[in-house]
$ cat upload-v5.cif   # mmCIF, C-alpha atoms
data_coords
loop_
_atom_site.group_PDB
_atom_site.id
_atom_site.type_symbol
_atom_site.label_atom_id
_atom_site.label_comp_id
_atom_site.auth_asym_id
_atom_site.auth_seq_id
_atom_site.Cartn_x
_atom_site.Cartn_y
_atom_site.Cartn_z
ATOM 1 C CA MET J 1 -81.508 24.986 33.931
ATOM 2 C CA PRO J 2 -80.232 26.561 37.175
ATOM 3 C CA ARG J 3 -77.109 28.702 36.939
ATOM 4 C CA TRP J 4 -75.106 26.482 39.274
ATOM 5 C CA LEU J 5 -75.932 23.440 37.121
ATOM 6 C CA ARG J 6 -74.788 25.232 33.950
ATOM 7 C CA THR J 7 -71.573 26.220 35.710
ATOM 8 C CA ALA J 8 -70.937 22.640 36.833
ATOM 9 C CA GLN J 9 -71.714 21.303 33.358
ATOM 10 C CA SER J 10 -69.333 23.812 31.783
ATOM 11 C CA ALA J 11 -66.584 22.886 34.245
ATOM 12 C CA LEU J 12 -67.010 19.155 33.612
ATOM 13 C CA LEU J 13 -67.731 19.090 29.871
ATOM 14 C CA GLY J 14 -66.229 22.415 28.827
ATOM 15 C CA ASN J 15 -67.466 24.956 26.320
ATOM 16 C CA GLY J 16 -66.256 26.589 23.155
ATOM 17 C CA GLU J 17 -63.420 28.402 24.919
ATOM 18 C CA LYS J 18 -61.852 25.683 27.059
ATOM 19 C CA LEU J 19 -61.907 21.966 27.699
ATOM 20 C CA GLY J 20 -63.785 20.534 30.633
ATOM 21 C CA VAL J 21 -62.309 18.453 33.401
ATOM 22 C CA LEU J 22 -63.709 15.186 32.000
ATOM 23 C CA LYS J 23 -62.317 15.873 28.521
ATOM 24 C CA VAL J 24 -58.923 16.746 29.948
ATOM 25 C CA LEU J 25 -58.898 13.564 32.029
ATOM 26 C CA LEU J 26 -59.919 11.523 28.979
ATOM 27 C CA ILE J 27 -57.106 13.045 26.882
ATOM 28 C CA TYR J 28 -54.535 12.370 29.601
ATOM 29 C CA PHE J 29 -55.828 8.823 30.011
ATOM 30 C CA VAL J 30 -55.408 8.106 26.291
ATOM 31 C CA LEU J 31 -51.976 9.760 26.116
ATOM 32 C CA ILE J 32 -50.667 7.912 29.180
ATOM 33 C CA ASN J 33 -51.800 4.584 27.723
ATOM 34 C CA ILE J 34 -50.114 5.362 24.397
ATOM 35 C CA VAL J 35 -46.888 6.351 26.146
ATOM 36 C CA PHE J 36 -47.009 3.161 28.216
ATOM 37 C CA LEU J 37 -47.440 1.018 25.101
ATOM 38 C CA TYR J 38 -44.338 2.564 23.553
ATOM 39 C CA LEU J 39 -42.199 2.686 26.694
ATOM 40 C CA ASN J 40 -43.137 -0.684 28.140
ATOM 41 C CA PRO J 41 -40.810 -2.742 25.871
ATOM 42 C CA LEU J 42 -37.946 -0.304 26.444
ATOM 43 C CA LEU J 43 -38.401 -0.276 30.214
ATOM 44 C CA HIS J 44 -38.654 -4.080 30.242
ATOM 45 C CA MET J 45 -35.379 -4.308 28.319
ATOM 46 C CA LEU J 46 -33.576 -1.866 30.638
ATOM 47 C CA SER J 47 -34.860 -3.688 33.709
ATOM 48 C CA THR J 48 -34.052 -7.181 32.458
ATOM 49 C CA MET J 49 -30.527 -6.486 31.224
ATOM 50 C CA VAL J 50 -29.329 -5.537 34.742
ATOM 51 C CA LYS J 51 -31.066 -8.394 36.557
ATOM 52 C CA SER J 52 -29.064 -11.188 38.082
ATOM 53 C CA THR J 53 -30.043 -14.796 37.500
ATOM 54 C CA ALA J 54 -31.674 -14.939 40.933
ATOM 55 C CA ASP J 55 -33.790 -11.845 40.250
ATOM 56 C CA LEU J 56 -34.804 -13.128 36.831
ATOM 57 C CA LEU J 57 -35.992 -16.449 38.228
ATOM 58 C CA ASP J 58 -37.787 -14.802 41.145
ATOM 59 C CA PRO J 59 -41.446 -14.163 40.154
ATOM 60 C CA THR J 60 -41.758 -11.427 42.801
ATOM 61 C CA VAL J 61 -39.144 -9.281 41.013
ATOM 62 C CA ARG J 62 -40.785 -7.631 38.026
ATOM 63 C CA TRP J 63 -39.482 -4.154 37.261
ATOM 64 C CA ILE J 64 -36.950 -3.154 39.902
ATOM 65 C CA PRO J 65 -34.172 -5.717 40.549
ATOM 66 C CA ARG J 66 -32.871 -6.223 44.056
ATOM 67 C CA SER J 67 -29.318 -5.585 42.855
ATOM 68 C CA ILE J 68 -27.790 -4.151 39.679
ATOM 69 C CA ASP J 69 -25.763 -6.770 37.812
ATOM 70 C CA LEU J 70 -23.659 -5.444 34.900
ATOM 71 C CA THR J 71 -22.191 -8.825 34.073
ATOM 72 C CA PHE J 72 -24.436 -9.395 31.067
ATOM 73 C CA LEU J 73 -23.712 -5.942 29.646
ATOM 74 C CA ARG J 74 -20.009 -6.795 29.655
ATOM 75 C CA GLN J 75 -20.618 -10.253 28.193
ATOM 76 C CA ALA J 76 -22.904 -8.856 25.486
ATOM 77 C CA TRP J 77 -20.248 -6.287 24.559
ATOM 78 C CA PHE J 78 -17.847 -9.082 23.671
ATOM 79 C CA GLY J 79 -20.583 -11.444 22.456
ATOM 80 C CA ILE J 80 -21.592 -9.169 19.597
ATOM 81 C CA ARG J 81 -18.017 -7.825 19.122
ATOM 82 C CA PHE J 82 -19.421 -4.343 19.585
ATOM 83 C CA PRO J 83 -16.464 -2.172 18.458
ATOM 84 C CA GLU J 84 -16.051 -4.105 15.201
ATOM 85 C CA THR J 85 -19.714 -4.605 14.356
ATOM 86 C CA PHE J 86 -20.591 -1.046 15.413
ATOM 87 C CA ALA J 87 -18.021 0.328 12.948
ATOM 88 C CA ASN J 88 -19.427 -1.936 10.218
ATOM 89 C CA SER J 89 -22.998 -0.793 10.897
ATOM 90 C CA MET J 90 -21.939 2.854 10.943
ATOM 91 C CA LEU J 91 -20.238 2.385 7.581
ATOM 92 C CA ILE J 92 -23.312 0.793 6.010
ATOM 93 C CA ALA J 93 -25.919 3.052 7.609
ATOM 94 C CA GLY J 94 -23.891 6.260 7.296
ATOM 95 C CA LEU J 95 -22.873 5.798 3.672
ATOM 96 C CA GLY J 96 -26.322 4.499 2.729
ATOM 97 C CA ALA J 97 -28.008 7.545 4.284
ATOM 98 C CA ILE J 98 -25.571 9.998 2.662
ATOM 99 C CA PHE J 99 -25.944 8.361 -0.757
ATOM 100 C CA HIS J 100 -29.736 8.427 -0.440
ATOM 101 C CA VAL J 101 -29.709 12.126 0.418
ATOM 102 C CA VAL J 102 -27.494 12.963 -2.565
ATOM 103 C CA SER J 103 -29.198 10.855 -5.227
ATOM 104 C CA CYS J 104 -32.805 11.263 -4.079
ATOM 105 C CA SER J 105 -32.508 15.033 -3.661
ATOM 106 C CA VAL J 106 -31.281 15.360 -7.248
ATOM 107 C CA ALA J 107 -34.064 13.110 -8.553
ATOM 108 C CA GLY J 108 -36.704 14.831 -6.451
ATOM 109 C CA TYR J 109 -35.602 18.265 -7.637
ATOM 110 C CA GLY J 110 -35.675 17.084 -11.242
ATOM 111 C CA PHE J 111 -39.232 15.783 -10.935
ATOM 112 C CA ALA J 112 -40.374 18.927 -9.130
ATOM 113 C CA ARG J 113 -38.859 21.620 -11.340
ATOM 114 C CA PHE J 114 -37.806 20.388 -14.776
ATOM 115 C CA ARG J 115 -40.117 19.748 -17.721
ATOM 116 C CA PHE J 116 -38.900 16.920 -19.936
ATOM 117 C CA PRO J 117 -40.550 14.342 -22.193
ATOM 118 C CA GLY J 118 -41.938 11.367 -20.307
ATOM 119 C CA ARG J 119 -41.700 12.987 -16.875
ATOM 120 C CA SER J 120 -45.180 11.851 -15.843
ATOM 121 C CA VAL J 121 -44.524 8.348 -17.145
ATOM 122 C CA LEU J 122 -41.245 8.084 -15.251
ATOM 123 C CA PHE J 123 -42.854 9.343 -12.069
ATOM 124 C CA GLY J 124 -45.630 6.782 -12.513
ATOM 125 C CA VAL J 125 -43.012 4.055 -12.898
ATOM 126 C CA LEU J 126 -41.410 5.361 -9.722
ATOM 127 C CA ILE J 127 -44.693 4.982 -7.847
ATOM 128 C CA VAL J 128 -45.113 1.456 -9.209
ATOM 129 C CA CYS J 129 -41.599 0.557 -8.033
ATOM 130 C CA PHE J 130 -42.600 1.735 -4.575
ATOM 131 C CA LEU J 131 -45.441 -0.811 -4.587
ATOM 132 C CA VAL J 132 -43.267 -3.743 -5.698
ATOM 133 C CA PRO J 133 -42.399 -6.043 -2.739
ATOM 134 C CA PRO J 134 -38.627 -5.841 -2.109
ATOM 135 C CA ALA J 135 -38.433 -9.648 -1.795
ATOM 136 C CA THR J 136 -39.232 -10.007 -5.513
ATOM 137 C CA LEU J 137 -36.031 -8.135 -6.377
ATOM 138 C CA THR J 138 -33.778 -10.179 -4.121
ATOM 139 C CA LEU J 139 -32.873 -12.887 -6.644
ATOM 140 C CA PRO J 140 -32.089 -10.487 -9.534
ATOM 141 C CA LEU J 141 -29.987 -8.348 -7.213
ATOM 142 C CA TYR J 142 -28.152 -11.395 -5.898
ATOM 143 C CA ILE J 143 -27.314 -12.516 -9.436
ATOM 144 C CA LEU J 144 -26.221 -8.983 -10.375
ATOM 145 C CA PHE J 145 -23.956 -8.548 -7.357
ATOM 146 C CA SER J 146 -22.549 -12.038 -7.878
ATOM 147 C CA LYS J 147 -21.536 -11.181 -11.441
ATOM 148 C CA LEU J 148 -20.054 -7.862 -10.295
ATOM 149 C CA GLY J 149 -18.115 -9.585 -7.503
ATOM 150 C CA LEU J 150 -19.754 -7.506 -4.777
ATOM 151 C CA LEU J 151 -21.054 -10.320 -2.590
ATOM 152 C CA GLY J 152 -19.460 -10.177 0.838
ATOM 153 C CA SER J 153 -18.722 -6.470 0.453
ATOM 154 C CA PRO J 154 -20.663 -3.550 2.036
ATOM 155 C CA ALA J 155 -20.893 -2.092 -1.463
ATOM 156 C CA ALA J 156 -23.724 -4.555 -2.128
ATOM 157 C CA ILE J 157 -25.812 -2.689 0.472
ATOM 158 C CA VAL J 158 -24.754 0.932 -0.004
ATOM 159 C CA LEU J 159 -24.165 1.038 -3.762
ATOM 160 C CA PRO J 160 -27.886 0.895 -4.693
ATOM 161 C CA ALA J 161 -28.473 3.951 -2.491
ATOM 162 C CA LEU J 162 -26.026 5.906 -4.654
ATOM 163 C CA PHE J 163 -28.484 5.522 -7.534
ATOM 164 C CA GLY J 164 -31.581 6.268 -5.471
ATOM 165 C CA HIS J 165 -32.576 2.617 -5.206
ATOM 166 C CA GLY J 166 -31.644 0.814 -2.020
ATOM 167 C CA ILE J 167 -33.941 0.628 0.988
ATOM 168 C CA ARG J 168 -37.048 2.800 0.470
ATOM 169 C CA GLY J 169 -35.259 4.950 -2.131
ATOM 170 C CA THR J 170 -38.505 5.636 -3.988
ATOM 171 C CA LEU J 171 -40.091 7.095 -0.876
ATOM 172 C CA PHE J 172 -37.166 9.473 -0.420
ATOM 173 C CA VAL J 173 -37.455 10.734 -4.002
ATOM 174 C CA ILE J 174 -41.143 11.440 -3.413
ATOM 175 C CA LEU J 175 -40.378 13.257 -0.142
ATOM 176 C CA PHE J 176 -37.834 15.520 -1.825
ATOM 177 C CA ARG J 177 -40.189 16.166 -4.733
ATOM 178 C CA GLN J 178 -42.996 17.164 -2.390
ATOM 179 C CA PHE J 179 -40.684 19.490 -0.484
ATOM 180 C CA PHE J 180 -39.302 21.236 -3.571
ATOM 181 C CA LEU J 181 -42.848 21.749 -4.872
ATOM 182 C CA THR J 182 -43.586 23.835 -1.765
ATOM 183 C CA VAL J 183 -40.658 26.208 -2.445
ATOM 184 C CA PRO J 184 -41.774 29.324 -4.413
ATOM 185 C CA LYS J 185 -40.281 29.539 -7.892
ATOM 186 C CA ALA J 186 -39.496 33.205 -7.306
ATOM 187 C CA TYR J 187 -36.290 32.206 -5.504
ATOM 188 C CA GLU J 188 -35.017 30.316 -8.531
ATOM 189 C CA GLU J 189 -36.100 33.033 -10.940
ATOM 190 C CA ALA J 190 -34.202 35.634 -8.916
ATOM 191 C CA ALA J 191 -31.090 33.450 -8.858
ATOM 192 C CA HIS J 192 -31.430 32.827 -12.604
ATOM 193 C CA LEU J 193 -31.532 36.579 -13.245
ATOM 194 C CA ASP J 194 -28.287 36.891 -11.289
ATOM 195 C CA GLY J 195 -26.674 34.497 -13.748
ATOM 196 C CA ALA J 196 -26.845 31.265 -11.763
ATOM 197 C CA GLY J 197 -27.250 28.037 -13.705
ATOM 198 C CA PRO J 198 -29.436 25.058 -12.748
ATOM 199 C CA LEU J 199 -26.622 23.239 -10.939
ATOM 200 C CA ARG J 200 -25.588 26.298 -8.950
ATOM 201 C CA ILE J 201 -29.209 27.075 -8.081
ATOM 202 C CA PHE J 202 -29.656 23.542 -6.775
ATOM 203 C CA LEU J 203 -26.420 23.429 -4.770
ATOM 204 C CA LYS J 204 -26.343 26.988 -3.435
ATOM 205 C CA LEU J 205 -30.029 27.781 -3.051
ATOM 206 C CA MET J 206 -32.389 24.810 -3.084
ATOM 207 C CA LEU J 207 -30.291 22.268 -1.213
ATOM 208 C CA PRO J 208 -29.673 24.521 1.840
ATOM 209 C CA MET J 209 -33.411 25.282 1.916
ATOM 210 C CA ALA J 210 -34.121 21.541 1.876
ATOM 211 C CA LYS J 211 -32.432 20.980 5.252
ATOM 212 C CA PRO J 212 -35.686 19.697 6.892
ATOM 213 C CA ALA J 213 -36.212 17.138 4.122
ATOM 214 C CA ILE J 214 -32.531 16.150 4.230
ATOM 215 C CA ILE J 215 -32.727 15.408 7.952
ATOM 216 C CA VAL J 216 -35.905 13.329 7.550
ATOM 217 C CA VAL J 217 -34.453 11.277 4.686
ATOM 218 C CA PHE J 218 -31.121 10.837 6.466
ATOM 219 C CA ILE J 219 -32.740 9.596 9.687
ATOM 220 C CA PHE J 220 -35.110 7.214 7.900
ATOM 221 C CA SER J 221 -32.394 5.807 5.666
ATOM 222 C CA PHE J 222 -29.929 5.496 8.551
ATOM 223 C CA VAL J 223 -32.384 3.599 10.766
ATOM 224 C CA TRP J 224 -33.572 1.299 7.971
ATOM 225 C CA HIS J 225 -30.000 0.453 6.956
ATOM 226 C CA TRP J 226 -29.075 0.010 10.618
ATOM 227 C CA ASN J 227 -31.892 -2.458 11.285
ATOM 228 C CA GLU J 228 -31.581 -4.395 8.028
ATOM 229 C CA THR J 229 -30.872 -8.085 8.572
ATOM 230 C CA TYR J 230 -32.329 -9.906 5.573
ATOM 231 C CA LEU J 231 -30.260 -8.261 2.826
ATOM 232 C CA THR J 232 -27.112 -8.108 4.949
ATOM 233 C CA GLY J 233 -27.360 -11.811 5.716
ATOM 234 C CA LEU J 234 -27.914 -12.619 2.049
ATOM 235 C CA PHE J 235 -25.443 -10.297 0.324
ATOM 236 C CA LEU J 236 -22.690 -10.069 2.922
ATOM 237 C CA ARG J 237 -22.751 -13.800 3.797
ATOM 238 C CA GLY J 238 -21.129 -13.265 7.189
ATOM 239 C CA GLU J 239 -17.895 -11.893 5.703
ATOM 240 C CA PHE J 240 -18.740 -8.333 6.770
ATOM 241 C CA THR J 241 -20.844 -8.425 9.935
ATOM 242 C CA PRO J 242 -22.961 -5.417 10.964
ATOM 243 C CA LEU J 243 -24.381 -5.016 14.440
ATOM 244 C CA SER J 244 -27.901 -6.234 13.628
ATOM 245 C CA PHE J 245 -26.564 -9.429 12.072
ATOM 246 C CA ALA J 246 -24.270 -10.009 15.069
ATOM 247 C CA LEU J 247 -27.295 -9.683 17.351
ATOM 248 C CA ASP J 248 -29.172 -12.316 15.369
ATOM 249 C CA SER J 249 -26.159 -14.647 15.517
ATOM 250 C CA LEU J 250 -25.912 -14.145 19.269
ATOM 251 C CA TYR J 251 -29.589 -15.016 19.680
ATOM 252 C CA GLN J 252 -29.062 -18.248 17.766
ATOM 253 C CA ASP J 253 -25.998 -19.149 19.847
ATOM 254 C CA LEU J 254 -27.899 -18.504 23.075
ATOM 255 C CA GLU J 255 -30.795 -20.674 21.936
ATOM 256 C CA ARG J 256 -28.442 -23.531 21.102
ATOM 257 C CA MET J 257 -26.721 -23.204 24.470
ATOM 258 C CA TYR J 258 -30.053 -23.102 26.259
ATOM 259 C CA SER J 259 -31.285 -26.189 24.396
ATOM 260 C CA SER J 260 -28.181 -28.108 25.415
ATOM 261 C CA GLY J 261 -28.636 -27.083 29.059
ATOM 262 C CA GLY J 262 -25.378 -25.130 29.193
ATOM 263 C CA TYR J 263 -26.893 -21.744 29.912
ATOM 264 C CA VAL J 264 -29.728 -20.752 32.231
ATOM 265 C CA ASN J 265 -30.111 -16.966 32.052
ATOM 266 C CA ASN J 266 -30.112 -15.889 28.426
ATOM 267 C CA GLU J 267 -32.836 -13.245 28.728
ATOM 268 C CA SER J 268 -30.566 -10.699 30.393
ATOM 269 C CA MET J 269 -27.921 -11.325 27.751
ATOM 270 C CA LYS J 270 -30.447 -10.807 24.947
ATOM 271 C CA MET J 271 -31.713 -7.570 26.446
ATOM 272 C CA ALA J 272 -28.172 -6.282 26.999
ATOM 273 C CA ALA J 273 -27.202 -7.020 23.389
ATOM 274 C CA SER J 274 -30.414 -5.430 22.109
ATOM 275 C CA PHE J 275 -29.633 -2.335 24.160
ATOM 276 C CA TYR J 276 -26.310 -1.912 22.351
ATOM 277 C CA VAL J 277 -28.077 -2.203 19.001
ATOM 278 C CA ILE J 278 -30.787 0.388 19.622
ATOM 279 C CA LEU J 279 -28.616 2.865 21.548
ATOM 280 C CA PRO J 280 -26.875 4.606 18.570
ATOM 281 C CA PRO J 281 -30.099 5.344 16.608
ATOM 282 C CA MET J 282 -31.774 6.583 19.787
ATOM 283 C CA LEU J 283 -28.891 8.956 20.513
ATOM 284 C CA LEU J 284 -28.947 10.189 16.918
ATOM 285 C CA TYR J 285 -32.672 10.889 17.129
ATOM 286 C CA LEU J 286 -32.332 12.710 20.450
ATOM 287 C CA ILE J 287 -29.674 14.957 18.927
ATOM 288 C CA VAL J 288 -31.676 15.917 15.808
ATOM 289 C CA GLN J 289 -35.174 15.593 17.260
ATOM 290 C CA LYS J 290 -36.057 19.276 16.889
ATOM 291 C CA TRP J 291 -35.015 19.463 13.233
ATOM 292 C CA PHE J 292 -36.541 16.063 12.519
ATOM 293 C CA MET J 293 -40.001 17.150 13.677
ATOM 294 C CA ARG J 294 -39.765 20.299 11.592
ATOM 295 C CA GLY J 295 -38.736 18.219 8.615
ATOM 296 C CA VAL J 296 -41.698 15.866 9.035
ATOM 297 C CA GLU J 297 -44.067 18.836 9.045
ATOM 298 C CA ARG J 298 -42.536 20.420 5.944
ATOM 299 C CA SER J 299 -41.964 17.262 3.929
ATOM 300 C CA GLY J 300 -45.622 16.347 3.578
ATOM 301 C CA ILE J 301 -45.438 13.157 5.674
ATOM 302 C CA VAL J 302 -48.209 14.256 8.027
ATOM 303 C CA GLU J 303 -50.557 15.288 5.225
#
$ encode --input "upload-v5.cif" --output "structure tokens"
Amino acid sequence: MPRWLRTAQSALLGNGEKLGVLKVLLIYFVLINIVFLYLNPLLHMLSTMVKSTADLLDPTVRWIPRSIDLTFLRQAWFGIRFPETFANSMLIAGLGAIFHVVSCSVAGYGFARFRFPGRSVLFGVLIVCFLVPPATLTLPLYILFSKLGLLGSPAAIVLPALFGHGIRGTLFVILFRQFFLTVPKAYEEAAHLDGAGPLRIFLKLMLPMAKPAIIVVFIFSFVWHWNETYLTGLFLRGEFTPLSFALDSLYQDLERMYSSGGYVNNESMKMAASFYVILPPMLLYLIVQKWFMRGVERSGIVE
């Protein structure tokens, strides 16, 4: 093969040291398509929520509206009662995430470090509970909360998280267990020689080291509690309305108004209300993104 042909082949296809032009173009093509798939719904929502009725009905206006109309953002603010429902969602999601971090870190540390009779059996039961569909537990939980007088109260949503149950509680216990298994026992042995007991070792040594796992569990629990609509609609019964449930109620009201012919442009209103719902979790993720990615790497999620 001529030298110039080998040089051209190496530049196009690459060699062991570097990627070729075609491989780089292929990687960028795949990445751009993936980014588009994820950003397309978000960009569509941002574009639609500021469109006027004329722009929405005009088929020539797709992404960029002719004029920015903030009317639907203001109407959606009052339509979902944002200050009230936002505070309710923050209470449920914040307390649920904190309770999950506390209870699941203790359980995960116990499974990772302590030897006690039936540990393997209990961990096996934990795995089985992870495989049980949550819908099968809805009726027993409803009966239990009804007898305890918790229906209509946010305690029906956040109280299970205090005991490591709640939304995806089993997964969080497993995440903490996997993280604590990666910590060398020499740290605990050194602290034990200094006179520290198990509780002090956990609170003063292991828990600060588990910051990556804590952030991962907190974000996951916060988002899942924030987006929950089925359990909130069933247990709270409209007496304590979080933001996600208010969004669903607004959608139903808009559909009824549209069916009766009293409202023409409900798409912009829907997108504006959805924007208010997804904005707080997005801001939270942007703030803790760096620590979240480190936590994912160290918690065993990517393995």
$ resolve_selection --input "upload-v5.cif" --expression "the PyMOL selection byres ((chain J and resi 209) around 12)" --output "list in words"
Ser105, Phe176, Phe179, Phe180, Thr182, Val183, Pro184, Tyr187, Glu188, Ile201, Phe202, Leu203, Lys204, Leu205, Met206, Leu207, Pro208, Ala210, Lys211, Pro212, Ala213, Ile214, Ile215, Gly295, Arg298 and Ser299 of chain J
$ closest_residue --input "upload-v5.cif" --among "J:Phe29, J:Ser268, J:Phe220, J:Ser274" --to "Ser52 of chain J" --atoms "all atoms listed in the file"
J:Ser268
$ resolve_selection --input "upload-v5.cif" --expression "the PyMOL selection byres ((chain J and resi 92-104) around 6)" --output "VMD selection string"
chain J and resid 89 to 91 105 to 108 158 161 to 164 172 to 173 218 221 to 222 225 to 226
$ atom_distance --input "upload-v5.cif" --atom1 "atom CA of Tyr285 of chain J" --atom2 "atom CA of Phe86 of chain J"
17.1 Å
$ atom_distance --input "upload-v5.cif" --atom1 "atom CA of Asp69 of chain J" --atom2 "atom CA of Ala54 of chain J"
10.6 Å
$ residues_around --input "upload-v5.cif" --residues "Ile64 of chain J" --least-positions-apart "4" --cutoff "12 Å" --atoms "only C-alpha atoms" --output "list of chain:residue names"
J:Leu43, J:His44, J:Met45, J:Leu46, J:Ser47, J:Thr48, J:Met49, J:Val50, J:Lys51, J:Ser52, J:Asp55, J:Leu56, J:Asp58, J:Pro59, J:Thr60, J:Ile68, J:Asp69
$ resolve_selection --input "upload-v5.cif" --expression "the PyMOL selection byres ((chain J and resi 233) around 12)" --output "PyMOL selection string"
chain J and resi 138+142+151-154+156-157+227-232+234-249
$ residues_around --input "upload-v5.cif" --residues "segment 115-131 of chain J" --least-positions-apart "6" --cutoff "10 Å" --atoms "only C-alpha atoms" --output "PyMOL selection string"
chain J and resi 108+165+168-171+173-174
$ closest_residue --input "upload-v5.cif" --among "J:Ile80, J:Val30, J:Ala186, J:Val24" --to "Val277 of chain J" --atoms "only C-alpha atoms"
J:Ile80
$ atom_distance --input "upload-v5.cif" --atom1 "atom CA of Val288 of chain J" --atom2 "atom CA of Ile219 of chain J"
8.9 Å
$ axis_aligned_box --input "upload-v5.cif" --around "segment 125-133 of chain J" --padding-each-side "6 Å" --output "JSON"
{"center_x": -43.4, "center_y": -0.3, "center_z": -7.8, "size_x": 16.0, "size_y": 23.4, "size_z": 22.2}
$ closest_residue --input "upload-v5.cif" --among "J:Ile278, J:Pro198, J:Ile167, J:Gln178" --to "Ala135 of chain J" --atoms "only C-alpha atoms"
J:Ile167
$ closest_residue --input "upload-v5.cif" --among "J:Gly149, J:Arg177, J:Gly79, J:Ala272" --to "Asp253 of chain J" --atoms "all atoms listed in the file"
J:Gly79
